[in-house]
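Comments concern the structure below.
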Amino acid sequence: MICILIIEQHLKMPKKKSTSQTSIPQWIQKARAHWKYTGEKRPAFAEEPKDGQRSVWDFPRPPALEPTHKMLEVKHNNDVLAYSQRALAVLETASPPTYYVPPEDVVFQKLVPVSGKTSFCEWKGAAQYWALKTKPLQAVAWSYEKPLAPFEELKDYLAFYPQYLDCYLDQERVIPQPGGFYAGWITSDLAGPFKGEPGSSHW
């Protein structure tokens with residue numbers, strides 16, 4: 001979702017492709033150029049990270065992919081929907097990480113595709129949405145069947161909305177990102193403020 005800042009040595013920055021900028025549709029280029037903050041400099045209103053914290057204002061645009069070995073759990077009414085220690089975190093300026101779970105670690109028997117619902121991310125492409133079989137109209141997760149370069153590694157991985165599910169990282173209960181549109185996972189090792197709060201649409 002957006003020059004590129006290296007946060008840690010294990011951070012996986014999107015690889016450069018031979019595809020020229022002009023080959024990207026103009027409307028996507030315009031969407032990508034919309035954002036004011038790119039992770040190069042924290043704004044004056046950014047919180048100062050405490051020991052052991054990372055500032056979401058140091059995350060880059062374009063976003064970065066970061067492998068994580070944290071224990072990730074997604075549940076609904078104590079029913080496990082996903083369990084993984086090999087998720088990919090998408091890090092983008094001003095937002096808490098969004099975690100994508102490999103399909104092998106998702107209990108698809110408890111999910112169904114949401115018919116007729118889609119959206120388009122200027123970085124990752126067209127999304128497919130998933131719901132609980134018990135609530136087939138409420139999207140609780142999404143995936144990318146054909147993600148844009150350089151995010152091909154996210155193909156068929158699922159990201160879950162902590163607004164509607166019980167989500168945990170290393171047994172810490174996740175706080176949902178503010179607002180109903182974004183689905184970042186807020187944990188105690190992050191410093192904000194976070195995109196999604198009132199007045200933050202331009203972040």
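Convention: chains lettered A, B, ... in structure tokens order; per-chain residue numbering from 1; ligands numbered from 1 as shown.
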
Spatial neighbours of segment 108-122 of chain A, max dist 10 Å, only C-alpha atoms, sep filter under 2 positions, as number ranges by chain: A: 1-2, 27-33, 62, 79-82, 103-106, 124-142, 144, 147-148

Helix (DSSP H, G or I) per DSSP on the backbone: members of segment 52-136 of chain A, as a PyMOL selection string: chain A and resi 56-58+103-105+108-110

Pairwise distance, atom CA of Lys75 of chain A with atom CA of Gln171 of chain A, equals 12.0 Å

Neighbouring residues of segment 181-189 of chain A were defined as those with any atom within 8 Å, considering only C-alpha atoms; residues of the same chain fewer than 5 positions away were excluded. Please report them as a ChimeraX atom specification. /A:52-54,95-99,160-163,169,172-176,196

Find the spatial neighbours of Glu153 of chain A, counting only C-alpha atoms, within a cut-off of 12 Å - ignore same-chain residues fewer than 5 positions away - and output them as a PDB file with C-alpha atoms, in the first residue's frame.
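Produced file selection_18.pdb, reproduced below:
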```pdb
ATOM      1  CA  LYS A  12      13.168  -7.970   2.665  1.00  0.00           C
ATOM      2  CA  MET A  13      12.820  -4.914   0.468  1.00  0.00           C
ATOM      3  CA  PRO A  14      10.852  -5.346  -2.753  1.00  0.00           C
ATOM      4  CA  LYS A  15      13.280  -6.394  -5.479  1.00  0.00           C
ATOM      5  CA  ALA A  64       8.667  -3.863   2.672  1.00  0.00           C
ATOM      6  CA  LEU A  65       8.235  -7.580   3.270  1.00  0.00           C
ATOM      7  CA  GLU A  66       9.705  -8.976   6.478  1.00  0.00           C
ATOM      8  CA  PRO A  67       9.696 -12.675   7.404  1.00  0.00           C
ATOM      9  CA  ALA A  87       4.291 -15.476   8.172  1.00  0.00           C
ATOM     10  CA  LEU A  88       5.298 -12.454   6.109  1.00  0.00           C
ATOM     11  CA  ALA A  89       4.779  -8.974   7.546  1.00  0.00           C
ATOM     12  CA  VAL A  90       4.050  -6.063   5.227  1.00  0.00           C
ATOM     13  CA  TYR A 100       0.194 -12.748   5.726  1.00  0.00           C
ATOM     14  CA  VAL A 101      -0.051 -16.446   6.552  1.00  0.00           C
ATOM     15  CA  PRO A 102       1.059 -19.155   4.101  1.00  0.00           C
ATOM     16  CA  PRO A 103      -1.906 -21.184   2.818  1.00  0.00           C
ATOM     17  CA  LYS A 124      -0.201  -5.524  -4.272  1.00  0.00           C
ATOM     18  CA  SER A 143      -5.531 -12.778  -0.269  1.00  0.00           C
ATOM     19  CA  TYR A 144      -3.944 -12.005  -3.636  1.00  0.00           C
ATOM     20  CA  GLU A 145      -4.173 -14.604  -6.378  1.00  0.00           C
ATOM     21  CA  LYS A 146      -1.960 -12.582  -8.740  1.00  0.00           C
ATOM     22  CA  PRO A 147      -0.051  -9.984  -6.673  1.00  0.00           C
ATOM     23  CA  LEU A 148       1.797  -7.238  -8.488  1.00  0.00           C
ATOM     24  CA  LEU A 158      -4.040 -14.852   3.824  1.00  0.00           C
TER      25      LEU A 158
END
```

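Across the structure, atom CA of Thr93 of chain A and atom CA of Pro43 of chain A are spaced 11.1 Å apart.
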
Could you write out, as a ChimeraX atom specification, all the residues of segment 48-173 of chain A that DSSP marks as strand (DSSP E)? /A:54-55,64-68,72-76,79-84,87-91,98-101,111-121,125-132,135-143,158-160,166-169,172-173

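Minimum atom-to-atom distance to Pro25 of chain A, evaluated using only C-alpha atoms, belongs to A:Trp123 out of A:Tyr168, A:Phe151, A:Trp123, A:Phe194.
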
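The closest residue to Thr68 of chain A, picked from A:Asp170, A:Lys155, A:Ala149, A:Lys36 and counting only C-alpha atoms, is A:Asp170.
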